[in-house]
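> To be precise about what I am sending: the file is called start-v9.cif and holds mmCIF, C-alpha atoms.
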```cif
data_protein
#
loop_
_atom_site.label_atom_id
_atom_site.label_comp_id
_atom_site.auth_asym_id
_atom_site.auth_seq_id
_atom_site.Cartn_x
_atom_site.Cartn_y
_atom_site.Cartn_z
CA MET A 14 -11.55 -12.45 -3.71
CA SER A 15 -8.85 -12.64 -1.10
CA PRO A 16 -8.23 -15.81 0.89
CA LEU A 17 -8.08 -13.60 4.01
CA GLU A 18 -10.70 -11.65 5.94
CA ARG A 19 -9.89 -8.34 7.65
CA PRO A 20 -9.44 -8.76 11.42
CA THR A 21 -10.99 -5.30 11.97
CA ASP A 22 -12.02 -2.34 9.85
CA ILE A 23 -9.82 0.75 9.58
CA PRO A 24 -12.13 3.29 7.91
CA LEU A 25 -10.30 5.89 5.82
CA GLN A 26 -13.17 8.34 5.43
CA ASN A 27 -12.93 11.41 7.68
CA ARG A 28 -9.44 10.37 8.78
CA ASP A 29 -6.22 12.34 8.38
CA VAL A 30 -4.19 9.47 6.95
CA CYS A 31 -1.20 11.70 6.16
CA ALA A 32 -0.93 12.96 9.74
CA ALA A 33 -1.28 9.43 11.15
CA LEU A 34 1.60 8.28 8.91
CA LYS A 35 3.68 11.44 9.47
CA ALA A 36 3.66 12.10 5.73
CA ASP A 37 3.39 15.23 3.63
CA ARG A 38 0.01 15.84 2.06
CA THR A 39 -0.27 15.92 -1.75
CA ALA A 40 -3.25 16.59 -4.00
CA ALA A 41 -4.04 12.86 -4.32
CA GLY A 42 -2.70 11.44 -1.05
CA CYS A 43 0.52 11.48 0.96
CA HIS A 44 4.27 11.46 0.28
CA LEU A 45 7.31 10.34 2.29
CA MET A 46 11.01 9.99 1.60
CA THR A 47 12.90 7.18 3.32
CA GLU A 48 16.20 5.31 3.28
CA ASN A 49 18.21 8.53 3.45
CA GLY A 50 16.23 10.06 0.60
CA THR A 51 16.83 7.24 -1.87
CA ALA A 52 13.31 5.82 -1.71
CA GLU A 53 9.94 7.48 -2.12
CA ILE A 54 6.65 6.29 -0.65
CA LEU A 55 3.33 7.46 -2.04
CA ILE A 56 0.15 6.68 -0.13
CA PHE A 57 -3.30 6.90 -1.71
CA PRO A 58 -6.38 6.35 0.47
CA ARG A 59 -9.14 4.99 -1.82
CA VAL A 60 -12.75 4.98 -0.67
CA ASP A 61 -14.31 4.22 -4.06
CA GLY A 62 -14.00 0.45 -4.21
CA GLY A 63 -12.24 -2.53 -2.72
CA LEU A 64 -9.58 -4.88 -3.97
CA ARG A 65 -11.90 -6.22 -6.68
CA ARG A 66 -10.44 -3.68 -9.11
CA TYR A 67 -7.07 -5.48 -8.85
CA SER A 68 -8.25 -9.06 -8.40
CA ASP A 69 -8.59 -10.03 -12.10
CA ALA A 70 -4.83 -9.86 -12.53
CA VAL A 71 -3.92 -11.64 -9.29
CA ASP A 72 -1.67 -14.69 -9.21
CA GLY A 73 0.42 -13.72 -12.20
CA ASP A 74 4.16 -13.20 -12.19
CA THR A 75 3.89 -9.61 -11.02
CA VAL A 76 0.63 -9.62 -9.02
CA ARG A 77 -0.18 -11.79 -6.02
CA TRP A 78 -2.36 -12.04 -2.93
CA LEU A 79 -0.70 -11.73 0.44
CA GLY A 80 -1.56 -10.91 4.01
CA ILE A 81 -0.07 -8.08 6.02
CA ASP A 82 -0.84 -8.32 9.73
CA LYS A 83 -3.85 -10.48 8.75
CA PHE A 84 -5.20 -7.80 6.40
CA PRO A 85 -5.77 -8.96 2.82
CA ALA A 86 -3.55 -7.23 0.30
CA ILE A 87 -2.43 -7.41 -3.28
CA GLN A 88 1.18 -6.83 -4.25
CA LEU A 89 1.85 -5.41 -7.72
CA ILE A 90 5.38 -5.19 -9.09
CA GLY A 91 6.23 -2.50 -11.60
CA ALA A 92 9.45 -2.10 -13.56
CA GLY A 93 10.35 1.17 -15.17
CA SER A 94 12.83 2.01 -17.86
CA ASP A 95 14.05 5.05 -15.92
CA GLY A 96 16.12 3.10 -13.37
CA ILE A 97 13.33 3.29 -10.80
CA ALA A 98 11.82 0.08 -9.45
CA SER A 99 8.44 0.13 -7.75
CA CYS A 100 6.19 -2.11 -5.76
CA ARG A 101 2.55 -1.31 -4.98
CA VAL A 102 0.68 -2.83 -2.06
CA ALA A 103 -3.09 -2.43 -1.99
CA LEU A 104 -4.44 -3.08 1.53
CA ASP A 105 -8.08 -3.96 2.13
CA VAL A 106 -8.68 -1.89 5.27
CA ALA A 107 -12.49 -1.52 5.32
CA PRO A 108 -15.46 -2.37 3.10
CA GLU A 109 -14.84 -0.79 -0.33
CA GLN A 110 -11.76 1.05 1.05
CA VAL A 111 -8.16 0.44 0.06
CA LEU A 112 -4.91 1.98 1.23
CA LEU A 113 -2.62 1.95 -1.81
CA ILE A 114 1.09 2.21 -1.02
CA VAL A 115 3.60 2.79 -3.81
CA TYR A 116 7.24 2.27 -2.88
CA ARG A 117 9.68 3.62 -5.49
CA GLN A 118 13.45 3.25 -5.32
CA GLN A 119 16.46 3.78 -7.54
CA ALA A 120 17.66 0.36 -8.65
CA ALA A 121 20.56 -0.98 -10.65
CA ASP A 122 18.10 -3.55 -12.02
CA PRO A 123 14.55 -2.13 -12.23
CA LYS A 124 13.20 -5.69 -12.31
CA LEU A 125 14.22 -6.04 -8.64
CA ALA A 126 11.19 -4.36 -7.10
CA PRO A 127 11.41 -3.12 -3.48
CA CYS A 128 8.48 -5.23 -2.27
CA LYS A 129 9.91 -6.20 1.13
CA PRO A 130 10.24 -2.55 2.23
CA ALA A 131 6.79 -1.84 0.75
CA ARG A 132 5.26 -4.65 2.84
CA ASP A 133 7.16 -3.47 5.93
CA PHE A 134 5.82 0.06 5.47
CA ALA A 135 2.29 -1.32 4.95
CA ALA A 136 2.53 -3.10 8.32
CA LYS A 137 3.69 0.15 9.97
CA ALA A 138 0.82 2.03 8.31
CA ILE A 139 -1.72 -0.46 9.66
CA ALA A 140 -0.30 -0.09 13.18
CA ALA A 141 -0.27 3.73 12.94
CA LEU A 142 -3.84 3.91 11.66
CA GLN A 143 -5.08 1.45 14.30
CA SER A 144 -3.53 3.55 17.07
CA THR A 145 -5.12 6.82 15.94
CA SER A 146 -8.81 7.60 16.09
CA PRO A 147 -10.66 8.68 12.92
#
```
Now that the file is in, can you turn its structure into C-alpha cells?

Amino acid sequence: MSPLERPTDIPLQNRDVCAALKADRTAAGCHLMTENGTAEILIFPRVDGGLRRYSDAVDGDTVRWLGIDKFPAIQLIGAGSDGIASCRVALDVAPEQVLLIVYRQQAADPKLAPCKPARDFAAKAIAALQSTSP
C-alpha cells in the first residue's frame, strides 16, 4: 500500500462533491473546463474501494505513488492516439474511498501527460472538500 497515511478523512458519501468543486454534475461524477477551454477535468468520487485496485501496477513507468498535501495518491499517465494527453490522480481520501481526477488536454505530443496541472487541481480539490461540510 501507500507509503503515506491520510492526515484526516474526507468522506465522500452524502457529500455534494460537484458543488464543493464548482463543477458541473454528470451521470458518473463531475466535469470542468479549464485553461481557457483547452483542458477538461473529470472527477469521479468512488466509495467502492480504496487505492488497492490501482496498487498492483504502481512504480512502473506510467504509474507511481505520490503524496498530495500529505494524502496518499497514485498518478497514472495515459497517452491517446487522438492528440489528447491525460493524467489520472487517484486520491485516498477516506477508508475505501477514492477521488479520481482525470485531467485531459490537447497536446502536440500525447506522451507529455498534463500531470502537474492534475496534481495542482487535486490539491485544490482537497482544500475545497476540507472547507465544506458533508
> So, counting all atoms listed in the file, which residue among A:Ile139, A:Leu125, A:Val111, A:Val76 is closest to A:Gly96?
A:Leu125
> Taking the file above as input, evaluate the PyMOL selection byres ((chain A and resi 104) around 7) and report the hits as a PyMOL selection string.
chain A and resi 84-87+102-103+105-106+111-113
> Suppose a student applies the PyMOL selection byres ((chain A and resi 145) around 12) to this structure; what residues should they get, written as number ranges by chain?
A: 23-25, 28-35, 138-144, 146-147
> Counting all atoms listed in the file, what is within 6 Å of stretch 45-56 of chain A, bar same-chain residues fewer than 4 positions away, as a list in words?
Ala36, Leu113, Ile114, Val115, Tyr116, Arg117 and Gln118 of chain A
> Using only C-alpha atoms, which of the listed residues (A:Ala136, A:Pro58, A:Asp95, A:Ala131) sits closest to A:Thr39?
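Smallest separation from A:Thr39 among the options: A:Pro58.
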> I'd like to know which of A:Gly42, A:Pro20, A:Pro108, A:Pro130 is closest to A:Gly80, using only C-alpha atoms.
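With only C-alpha atoms as the atom set, the closest residue is A:Pro20.
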> Interatomic distance between atom CA of A:Ala41 and atom CA of A:Asp61?
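Taking atom CA of A:Ala41 as the start and atom CA of A:Asp61 as the end point, the length is 13.4 Å.
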> Interatomic distance between atom CA of A:Pro127 and atom CA of A:Cys100?
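These two atoms are separated by 5.8 Å.
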